[in-house]
Each structure stands twice: as C-alpha cells, then as structure tokens.
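See below for query_7.cif, which holds mmCIF, C-alpha atoms.
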```cif
data_final
#
loop_
_atom_site.label_atom_id
_atom_site.label_comp_id
_atom_site.auth_asym_id
_atom_site.auth_seq_id
_atom_site.Cartn_x
_atom_site.Cartn_y
_atom_site.Cartn_z
CA MET A 1 92.30 48.77 108.24
CA GLY A 2 92.97 52.42 107.25
CA GLY A 3 90.83 54.14 104.60
CA LYS A 4 91.96 55.32 101.26
CA GLY A 5 94.24 58.37 101.01
CA PRO A 6 93.19 61.63 99.26
CA THR A 7 93.04 61.55 95.59
CA LYS A 8 95.19 63.74 93.40
CA ALA A 9 92.27 66.11 92.77
CA GLU A 10 91.70 66.55 96.54
CA ARG A 11 95.35 67.27 97.17
CA ARG A 12 95.41 69.95 94.47
CA ARG A 13 92.31 71.54 96.00
CA ARG A 14 93.89 71.57 99.48
CA TYR A 15 97.08 73.20 98.13
CA ARG A 16 95.04 75.93 96.47
CA VAL A 17 93.15 76.65 99.70
CA ALA A 18 96.40 76.78 101.68
CA GLY A 19 97.87 79.20 99.13
CA TRP A 20 94.84 81.46 99.38
CA VAL A 21 95.05 81.50 103.17
CA GLY A 22 98.81 82.26 103.07
CA SER A 23 98.31 85.03 100.56
CA GLY A 24 95.56 86.50 102.71
CA VAL A 25 97.79 86.46 105.76
CA VAL A 26 100.62 88.20 103.87
CA ALA A 27 98.25 90.79 102.42
CA GLY A 28 96.87 91.46 105.88
CA LEU A 29 100.33 91.99 107.28
CA VAL A 30 101.25 94.35 104.46
CA LEU A 31 98.04 96.33 104.95
CA SER A 32 98.62 96.56 108.71
CA ILE A 33 102.16 97.79 108.24
CA GLY A 34 101.00 100.42 105.75
CA ILE A 35 98.30 101.71 108.10
CA TRP A 36 100.80 101.87 110.99
CA ALA A 37 103.31 103.82 108.89
CA VAL A 38 100.67 106.35 107.85
CA MET A 39 99.57 106.85 111.45
CA GLU A 40 103.18 107.28 112.65
CA GLY A 41 103.80 109.90 109.98
CA TYR A 42 100.71 111.82 111.07
CA GLU A 43 101.70 111.68 114.73
CA SER A 44 105.25 112.85 113.98
CA THR A 45 103.94 116.07 112.46
CA GLU A 46 102.03 116.76 115.65
CA GLY A 47 104.55 115.63 118.28
CA GLU A 48 107.87 116.80 116.70
CA PRO A 49 109.84 113.65 117.60
CA ALA A 50 113.57 114.00 118.33
CA ASN A 51 114.60 112.19 115.14
CA LYS A 52 112.75 114.56 112.86
CA ALA A 53 115.01 115.88 110.10
CA ALA A 54 116.23 119.42 110.82
CA PRO A 55 115.01 122.17 108.48
CA ALA A 56 117.49 123.51 105.97
CA SER A 57 119.76 126.22 107.35
CA PRO A 58 119.05 129.75 106.07
CA PRO A 59 121.58 131.06 103.57
CA PRO A 60 124.50 132.88 105.19
CA GLN A 61 124.12 136.65 105.35
CA PRO A 62 126.91 138.89 104.08
CA PRO A 63 128.93 140.56 106.85
CA GLY A 64 128.04 144.12 107.72
CA PRO A 65 130.50 147.00 107.65
CA PRO A 66 133.27 146.94 110.22
CA THR A 67 132.07 148.39 113.53
CA GLY A 68 135.20 148.60 115.67
CA HIS A 69 135.97 146.74 118.88
CA GLY A 70 133.24 144.93 120.77
CA GLY A 71 130.77 145.07 117.88
CA LYS A 72 130.15 148.80 118.42
CA GLY A 73 130.50 151.52 115.84
CA LEU A 74 133.63 153.63 115.85
CA ASP A 75 131.78 156.59 117.38
CA GLN A 76 129.77 154.49 119.88
CA ARG A 77 132.53 153.14 122.09
CA GLY A 78 133.70 154.49 125.42
CA PRO A 79 136.02 157.44 126.09
CA ARG A 80 139.28 157.44 124.12
CA ALA A 81 142.41 159.54 124.06
CA ALA A 82 145.31 159.86 121.65
CA ILE A 83 148.75 161.31 122.32
CA ILE A 84 151.30 162.82 119.92
CA ILE A 85 154.98 163.15 120.85
CA ASP A 86 156.30 166.19 118.98
CA ASP A 87 159.77 167.47 118.07
CA LEU A 88 161.45 164.14 117.30
CA GLY A 89 164.32 163.71 114.84
CA ASN A 90 167.20 165.33 116.69
CA SER A 91 167.96 162.49 119.11
CA ARG A 92 168.34 158.74 118.62
CA ARG A 93 167.77 158.18 122.31
CA HIS A 94 164.45 159.99 122.28
CA ALA A 95 163.39 157.96 119.26
CA SER A 96 164.20 154.71 121.06
CA VAL A 97 162.47 155.67 124.31
CA VAL A 98 159.29 156.77 122.56
CA SER A 99 159.22 153.70 120.30
CA GLU A 100 159.50 151.47 123.36
CA LEU A 101 156.35 152.88 124.97
CA SER A 102 153.85 150.02 124.95
CA TYR A 103 150.97 152.29 123.90
CA PRO A 104 149.99 153.59 120.45
CA VAL A 105 151.35 157.12 120.81
CA ALA A 106 151.95 158.92 117.54
CA VAL A 107 155.36 160.29 116.59
CA ALA A 108 155.72 163.74 114.98
CA VAL A 109 159.11 164.11 113.29
CA LEU A 110 160.73 167.43 112.40
CA PRO A 111 162.01 167.52 108.80
CA GLN A 112 165.66 168.14 107.93
CA THR A 113 166.83 166.89 111.32
CA PRO A 114 169.79 164.49 111.67
CA HIS A 115 167.76 161.41 112.58
CA ALA A 116 164.42 162.16 110.93
CA ALA A 117 164.29 159.15 108.60
CA GLN A 118 165.65 156.72 111.19
CA THR A 119 163.18 157.95 113.82
CA ALA A 120 160.26 157.48 111.43
CA ARG A 121 161.36 153.97 110.47
CA GLN A 122 161.88 152.95 114.09
CA ALA A 123 158.48 154.31 115.12
CA HIS A 124 156.78 152.60 112.19
CA ALA A 125 158.47 149.30 113.03
CA SER A 126 157.10 149.54 116.57
CA GLY A 127 153.56 150.04 115.27
CA LYS A 128 153.28 153.77 115.86
CA GLU A 129 151.85 156.37 113.50
CA VAL A 130 154.29 158.81 111.95
CA LEU A 131 153.52 162.46 111.31
CA LEU A 132 155.49 165.19 109.60
CA HIS A 133 155.86 167.89 112.26
CA MET A 134 155.62 170.67 109.71
CA PRO A 135 157.44 173.89 110.63
CA MET A 136 155.19 176.92 110.02
CA GLU A 137 155.94 180.57 110.55
CA PRO A 138 155.28 181.72 114.14
CA GLY A 139 154.11 185.11 115.30
CA ASP A 140 157.39 185.70 117.08
CA SER A 141 159.59 187.51 114.55
CA GLY A 142 162.69 186.68 116.60
CA VAL A 143 162.55 182.97 115.74
CA ARG A 144 165.11 181.95 113.14
CA LEU A 145 163.36 180.30 110.19
CA ASP A 146 165.35 177.74 108.21
CA GLY A 147 164.47 176.32 104.83
CA SER A 148 161.99 173.80 106.24
CA PHE A 149 159.45 176.47 107.30
CA LEU A 150 156.30 177.35 105.43
CA ARG A 151 156.09 181.14 105.52
CA ALA A 152 153.16 183.47 105.18
CA GLY A 153 154.85 185.43 102.38
CA MET A 154 155.48 182.40 100.14
CA GLY A 155 153.72 182.00 96.83
CA ARG A 156 151.74 178.82 96.21
CA GLU A 157 154.39 176.96 94.23
CA HIS A 158 157.20 177.81 96.65
CA LEU A 159 155.09 176.76 99.63
CA LEU A 160 154.05 173.48 98.03
CA ALA A 161 157.61 172.69 96.93
CA THR A 162 158.79 173.12 100.53
CA LEU A 163 155.98 170.90 101.78
CA ARG A 164 156.86 168.19 99.23
CA SER A 165 160.55 168.34 100.17
CA ASN A 166 159.75 167.94 103.87
CA LEU A 167 157.43 164.99 103.22
CA ALA A 168 160.02 163.28 101.04
CA GLY A 169 162.54 163.19 103.89
CA ILE A 170 160.34 161.26 106.31
CA PRO A 171 159.15 157.73 105.44
CA HIS A 172 155.85 156.17 106.51
CA VAL A 173 154.08 159.52 107.01
CA GLN A 174 150.35 159.19 107.67
CA GLY A 175 149.54 162.74 108.72
CA VAL A 176 150.85 166.24 109.37
CA ASN A 177 150.72 168.56 112.36
CA ASN A 178 152.11 172.07 112.65
CA HIS A 179 155.28 173.01 114.51
CA MET A 180 154.84 176.61 115.74
CA GLY A 181 152.75 178.34 113.05
CA SER A 182 150.76 180.95 114.95
CA ARG A 183 151.21 183.37 112.03
CA LEU A 184 150.79 181.02 109.08
CA THR A 185 147.89 178.97 110.49
CA ALA A 186 145.87 182.17 111.02
CA ARG A 187 145.86 182.77 107.24
CA SER A 188 143.24 180.99 105.17
CA ARG A 189 144.88 181.01 101.72
CA PRO A 190 148.19 179.28 102.53
CA MET A 191 146.38 176.82 104.82
CA ARG A 192 144.00 176.03 101.98
CA TRP A 193 146.99 175.23 99.73
CA VAL A 194 148.41 172.94 102.41
CA MET A 195 145.12 171.08 102.90
CA GLU A 196 144.57 170.55 99.19
CA ALA A 197 148.07 169.07 98.88
CA LEU A 198 147.56 166.77 101.87
CA ASP A 199 144.23 165.63 100.50
CA ARG A 200 145.84 164.60 97.21
CA ARG A 201 148.32 162.47 99.18
CA GLY A 202 145.67 160.82 101.37
CA LEU A 203 147.05 162.27 104.61
CA TYR A 204 145.27 163.74 107.63
CA PHE A 205 145.92 166.99 109.50
CA ILE A 206 146.22 167.73 113.20
CA ASP A 207 145.98 171.38 114.22
CA SER A 208 148.35 171.90 117.14
CA ARG A 209 146.45 175.11 117.94
CA THR A 210 149.33 177.41 118.71
CA THR A 211 146.90 180.30 118.28
CA ALA A 212 143.18 180.74 118.86
CA ALA A 213 143.02 182.46 115.44
CA THR A 214 144.02 179.30 113.53
CA LYS A 215 142.23 178.47 110.31
CA GLY A 216 143.74 174.98 110.12
CA LEU A 217 140.75 172.87 111.07
CA LYS A 218 138.34 175.05 109.11
CA GLU A 219 140.38 174.76 105.90
CA ALA A 220 140.89 171.03 106.42
CA ARG A 221 137.14 170.51 106.72
CA ALA A 222 136.55 172.65 103.62
CA ALA A 223 138.95 170.43 101.67
CA GLY A 224 137.25 167.27 102.91
CA LEU A 225 140.42 166.27 104.72
CA PRO A 226 140.27 164.04 107.83
CA ALA A 227 141.39 166.32 110.66
CA ALA A 228 141.30 167.02 114.38
CA GLU A 229 142.71 169.57 116.79
CA ARG A 230 144.73 169.39 119.96
CA ASP A 231 142.89 169.62 123.27
CA VAL A 232 145.73 169.54 125.81
CA PHE A 233 149.45 170.28 125.94
CA LEU A 234 150.72 167.81 128.51
CA ASP A 235 153.97 169.60 129.23
CA HIS A 236 153.55 173.28 128.47
CA ASP A 237 154.66 173.54 132.09
CA PRO A 238 157.42 170.88 132.33
CA ALA A 239 157.16 170.43 136.12
CA GLU A 240 156.35 166.83 136.95
CA GLU A 241 153.18 167.51 138.93
CA ALA A 242 151.96 169.89 136.22
CA VAL A 243 152.40 167.15 133.59
CA ARG A 244 150.48 164.74 135.81
CA GLU A 245 147.67 167.26 136.20
CA GLN A 246 147.47 167.79 132.44
CA PHE A 247 147.33 164.03 131.90
CA ARG A 248 144.37 163.90 134.30
CA THR A 249 142.80 166.80 132.39
CA MET A 250 143.14 164.78 129.18
CA LEU A 251 141.30 161.85 130.79
CA THR A 252 138.54 164.14 132.07
CA GLN A 253 138.02 165.66 128.64
CA ALA A 254 137.89 162.20 127.06
CA ARG A 255 135.16 161.17 129.49
CA GLU A 256 133.24 164.41 128.95
CA GLN A 257 133.45 164.73 125.17
CA GLY A 258 134.15 161.13 124.11
CA THR A 259 137.64 161.76 122.73
CA ALA A 260 140.68 163.80 123.73
CA LEU A 261 143.86 164.62 121.87
CA ALA A 262 147.03 165.60 123.72
CA ILE A 263 150.45 166.76 122.53
CA ALA A 264 153.63 166.17 124.50
CA HIS A 265 157.36 166.44 123.97
CA PRO A 266 160.23 164.04 124.62
CA HIS A 267 161.32 165.69 127.86
CA PRO A 268 162.63 163.21 130.46
CA VAL A 269 159.94 164.27 132.95
CA THR A 270 157.18 163.88 130.36
CA LEU A 271 158.34 160.41 129.37
CA LYS A 272 158.59 159.42 133.03
CA VAL A 273 155.02 160.55 133.68
CA LEU A 274 153.76 158.77 130.56
CA ARG A 275 155.38 155.49 131.57
CA GLU A 276 153.73 155.74 134.97
CA MET A 277 150.29 157.08 134.01
CA LEU A 278 149.49 155.46 130.66
CA PRO A 279 148.62 152.14 132.39
CA GLN A 280 146.24 154.05 134.69
CA ALA A 281 144.12 155.42 131.84
CA SER A 282 142.04 152.27 131.36
CA ARG A 283 141.44 152.00 135.10
CA ARG A 284 140.03 155.52 134.93
CA GLY A 285 137.71 154.60 132.09
CA VAL A 286 139.69 155.92 129.11
CA GLU A 287 141.26 153.85 126.31
CA ILE A 288 144.51 155.07 124.76
CA VAL A 289 144.02 154.58 121.03
CA PRO A 290 145.87 155.28 117.76
CA LEU A 291 145.62 158.87 116.62
CA ARG A 292 143.85 157.92 113.39
CA GLU A 293 140.92 156.62 115.46
CA VAL A 294 140.30 159.97 117.12
CA VAL A 295 140.69 161.67 113.72
CA ALA A 296 138.11 159.31 112.22
CA VAL A 297 135.60 159.87 115.03
CA ARG A 298 135.91 163.65 114.93
CA SER A 299 135.84 163.82 111.14
CA GLY A 300 132.73 161.64 111.12
CA GLN A 301 131.04 163.82 113.72
CA ALA A 302 131.88 166.93 111.73
CA ALA A 303 130.36 165.38 108.59
CA LYS A 304 127.16 164.75 110.58
CA GLY A 305 127.12 168.28 111.99
CA GLY A 306 128.28 167.22 115.45
CA SER A 307 129.88 169.56 117.90
CA LEU A 308 133.65 169.64 118.04
CA ALA A 309 134.00 172.57 120.42
CA TYR A 310 137.57 173.29 121.42
CA LYS A 311 138.18 173.01 125.17
CA GLY A 312 141.95 173.09 125.41
CA SER A 313 144.26 175.97 126.19
CA ASP A 314 145.78 178.09 123.45
CA ASN A 315 149.56 177.82 123.63
#
```

Could you render the structure as structure tokens?
Amino acid sequence: MGGKGPTKAERRRRYRVAGWVGSGVVAGLVLSIGIWAVMEGYESTEGEPANKAAPASPPPQPPGPPTGHGGKGLDQRGPRAAIIIDDLGNSRRHASVVSELSYPVAVAVLPQTPHAAQTARQAHASGKEVLLHMPMEPGDSGVRLDGSFLRAGMGREHLLATLRSNLAGIPHVQGVNNHMGSRLTARSRPMRWVMEALDRRGLYFIDSRTTAATKGLKEARAAGLPAAERDVFLDHDPAEEAVREQFRTMLTQAREQGTALAIAHPHPVTLKVLREMLPQASRRGVEIVPLREVVAVRSGQAAKGGSLAYKGSDN
C-alpha cells in the first residue's frame, strides 16, 4: 500500500541540498580553525610559551688581548717574585740540582766556562729561562779579568765583539745580567752600547746592582729595552739563617711593591733553603713566577710612569 518513491528530479534536488549543507559544515570548521590559530598566535606573543623559537644567537665577539692568569691583566695580579741563580757553568752537578728545582727560577750562565753550553741546554729543557751572566769590569782592581770581561777602557767595536762572542757560546739565551761590573755599569756610554746591542737581539737586561752608581737600568730604559733590577741578594751572607731571612725579605717586598727580584748562587746552603722555602711562598701570599713576567710588569710600569724605586741593598 506504500506511496510512490521520489522522482529523479526530487532526488537530484535532495543531493544538492545535502552538498550545500556539507560544504557549509566544512567551511565552518575551516573558519573556526583559522580563528583559533590567529588567537593562539596572539596569545603566544603575550605569554612567551615554552615552545617559542629561541632568538638568533648574537655573533661571536673576537677575543680580547691576553690578560694573564685568572682573567686579570699582567700588572693586576697578586704579589710575585722571581729568582735568578747566578754563576753557573763551572759545575755539572750545580746545573743538575738547579734544573731539578720544581719552580721557574732563571739560570745565569758564565761565558767561557767548561759546562756553559750544557748547563744552558739542560736548564732550557727543564723549562727555565737562560741568561748570559755577562762579566763586567769591577771596581776592585785586584780582580783578574779574562777575555770574557767587558772593560771600561774598551772601544765600541771591541766591546761589542766580546759581547757577541759571549752570547754565541750559550744557547737559548733570553736575557743578560751583569757579573760584577761596579766600574763598567757606572759608565753611561759603554752601557748604552750594550743596551743597543741587546735590543737588536730581542733580549732583556737585569741589573744586578753591584753598585748604587749603576747606569744599567737607566740606559736600558733609554734604549726601549725590557729591563728590571735586583732587589735582594739571598746569600750575600751564606749562613743558613741569613739566607732564610733574605728569602722572607723577598716575600715582604713582593707583597709591598707587587713584584720582587732576587739573585742567589748555587751554594749548597742556598739550594737547601730554596728547596725548603720555595713551597712556602704561595702560602705566604707570593707566587714564584718566571723572570720574564717580572720584567714585563716593571717595564710596563716604567712606560706608564710608574714608580720602580729600588729597595734592595747595594752589594
């Protein structure tokens, strides 16, 4: 008894209506999703969500100039002291003992001595600075002067030839300090010749200060040469307690003036005291450093007009 089914025209009409409804639903969904995405983007700029892309990293900056240990400038660190062991070159045993010291003491080697070259090589291999311990004429006329000495009466060419010969016999030389020299170092002209020659070779100069009248540091500064002067002789008096007291004086001067420079000799007592007291320096607030570091600090201070007043004894 059922009625007639829909005609073809009615079915086509129903399909069209269903299509419109479906399209409307899809369009509505698309519109809703678009609105939601816009709102989320707005909120993310306000709330800084965790998954926000990180900003681009700034370009790397070039490194600054080297500033020494701990990020501080060379002249801004704590108290420091340097030690030179003079008069080496005559003994293999002394060379070995000094090279075995586990601190950066510098080694000053006498020219034309039997073990000069070997001593310099051994010291260099152990990481220590090597100096030519340059013989210079003393005030004492009774001292026998061999061919290695620079003498006050020498002409320029003779003096410079002697200096060159002494340098040639000692490998790995980084600087020069005077052996004796109370007469020669008090004279400006020959010291000026020496400093000009050292400057051409890129060396530094340490004035041992064997006389208060020395012109060594003054002429080195005039030549633009890195230089420093001795503050303390550790073993001018070779008694053990006297050496200990001088070591303590070195530490005190380092704390008071920032740096200290001491000269010692390879006497058994001196080496004994050094082995015992070098480890104590850091506990007393003073770092034992390579000689070139003290030279650099003092030369830099001099260039800036800083005070480099001498406080040591004149021996």

Practice task
Could you tell me which of A:Ser182, A:Phe149, A:Thr119, A:Ser299 comes closest to Ser165 of chain A if we count all atoms listed in the file?
Solution key: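 Among the listed residues, the smallest separation from Ser165 of chain A belongs to A:Phe149.
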
Exercise for the section: Have a look at atom CA of Leu132 of chain A and atom CA of Thr252 of chain A and let me know their distance in Å, one decimal. Expected result: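 Taking atom CA of Leu132 of chain A as the start and atom CA of Thr252 of chain A as the end point, the length is 28.2 Å.
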
Problem - For atom CA of Ala116 of chain A and atom CA of Pro266 of chain A, the interatomic separation in Å (one decimal) - result: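 Taking atom CA of Ala116 of chain A and atom CA of Pro266 of chain A, their separation equals 14.4 Å.
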
Practice task
Would you list the contacts of His158 of chain A as an NGL selection string, taking every protein, DNA or RNA residue within 12 Å and counting only C-alpha atoms, but skipping same-chain residues closer than 5 positions in sequence?
Solution key: :A and (147-153 or 163-165 or 190 or 193-194)

Exercise for the section: For each of A:Glu256, A:Asp231, A:Glu241, A:Glu276, take the minimum atom-to-atom distance to Gly78 of chain A, counting only C-alpha atoms, then give the residue where this is smallest. Expected result: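 Result for the nearest residue to Gly78 of chain A: A:Glu256.
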
Exercise for the section: Name the closest residue to Glu293 of chain A among the candidates A:Ile170, A:Ser99, A:His115, A:Val105; distances are taken between atoms, counting all atoms listed in the file. Expected result: A:Val105

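The spacing separating atom CA of Ala120 of chain A from atom CA of Ala108 of chain A amounts to 8.5 Å.
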
Problem - Selection dump of the PyMOL selection byres ((chain A and resi 85) around 6), as a ChimeraX atom specification - result: /A:84,86,107-108,264-265

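Comparing A:Leu110, A:Ile263, A:Leu198, A:Val294 by their smallest distance to Phe247 of chain A, the closest is A:Ile263 (using only C-alpha atoms).
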
Box along x, y and z, 5 Å on every side, all listed atoms of segment 113-125 of chain A inside: centre and edge lengths in Å to one decimal, as lines of an AutoDock Vina configuration file.
```
center_x = 163.3
center_y = 158.1
center_z = 111.9
size_x = 23.0
size_y = 27.6
size_z = 16.5
```

Handout entry: Result set of the PyMOL selection byres ((chain A and resi 131) around 8) on the coordinates above, as number ranges by chain
Key = A: 106-109, 129-130, 132-133, 173-177

Could you turn the residues from that selection into a file that holds C-alpha atoms, as a CSV table (one decimal), keeping the file's coordinate frame?
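Below you can see again31.csv, which holds the result:
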```csv
chain,number,residue,atom,x,y,z
A,106,ALA,CA,152.0,158.9,117.5
A,107,VAL,CA,155.4,160.3,116.6
A,108,ALA,CA,155.7,163.7,115.0
A,109,VAL,CA,159.1,164.1,113.3
A,129,GLU,CA,151.8,156.4,113.5
A,130,VAL,CA,154.3,158.8,112.0
A,132,LEU,CA,155.5,165.2,109.6
A,133,HIS,CA,155.9,167.9,112.3
A,173,VAL,CA,154.1,159.5,107.0
A,174,GLN,CA,150.4,159.2,107.7
A,175,GLY,CA,149.5,162.7,108.7
A,176,VAL,CA,150.8,166.2,109.4
A,177,ASN,CA,150.7,168.6,112.4
```

Fill in the blank from the handout: Using all atoms listed in the file, the best pick from A:Leu101, A:Leu278, A:Ala186, A:Ala125 as closest to Pro138 of chain A would be A:Ala186

Problem - Long-range neighbours of Gly224 of chain A as a PyMOL selection string, 9 Å cut-off, all atoms listed in the file, 4 positions minimum in chain - result: chain A and resi 195-196+199+219-220

Nearby residues (all atoms listed in the file) at most 7 Å from Glu229 of chain A, same-chain spacing under 5 positions excluded, as a PDB file with C-alpha atoms, in the coordinates of the input:
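What ended up in around22.pdb:
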```pdb
ATOM      1  CA  ILE A 206     146.220 167.730 113.200  1.00  0.00           C
ATOM      2  CA  ASP A 207     145.980 171.380 114.220  1.00  0.00           C
ATOM      3  CA  SER A 208     148.350 171.900 117.140  1.00  0.00           C
ATOM      4  CA  ARG A 209     146.450 175.110 117.940  1.00  0.00           C
ATOM      5  CA  LEU A 217     140.750 172.870 111.070  1.00  0.00           C
TER       6      LEU A 217
END
```

Exercise for the section: Would you kindly return, as a ChimeraX atom specification, each protein, DNA or RNA residue with an atom no farther than 12 Å from any atom of Arg230 of chain A, considering all atoms listed in the file and excluding same-chain residues fewer than 3 positions away? Expected result: /A:81-84,177-178,205-212,214,216-217,227,233-234,250,253,259-264,291,294-295,298,308-315

Using the chain letters and numbering of this document, enumerate as a PDB file with C-alpha atoms, in the frame of the given file the residues selected by the PyMOL selection byres ((chain A and resi 140) around 10).
```pdb
ATOM      1  CA  GLU A 137     155.940 180.570 110.550  1.00  0.00           C
ATOM      2  CA  PRO A 138     155.280 181.720 114.140  1.00  0.00           C
ATOM      3  CA  GLY A 139     154.110 185.110 115.300  1.00  0.00           C
ATOM      4  CA  SER A 141     159.590 187.510 114.550  1.00  0.00           C
ATOM      5  CA  GLY A 142     162.690 186.680 116.600  1.00  0.00           C
ATOM      6  CA  VAL A 143     162.550 182.970 115.740  1.00  0.00           C
ATOM      7  CA  ARG A 144     165.110 181.950 113.140  1.00  0.00           C
ATOM      8  CA  MET A 180     154.840 176.610 115.740  1.00  0.00           C
ATOM      9  CA  GLY A 181     152.750 178.340 113.050  1.00  0.00           C
ATOM     10  CA  SER A 182     150.760 180.950 114.950  1.00  0.00           C
ATOM     11  CA  ARG A 183     151.210 183.370 112.030  1.00  0.00           C
TER      12      ARG A 183
END
```

Practice task
Find the residues with any atom within 9 Å of (134.6, 157.4, 128.2); use only C-alpha atoms and the coordinates as given in the file, and write the answer as a PyMOL selection string.
Solution key: chain A and resi 77-80+251-259+284-287

Practice task
Return the single residue from A:His267, A:Lys272, A:Thr185, A:Leu145 that is closest to Asp87 of chain A, with distances computed using all atoms listed in the file.
Solution key: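 Of A:His267, A:Lys272, A:Thr185, A:Leu145, the one nearest Asp87 of chain A is A:His267, counting all atoms listed in the file.
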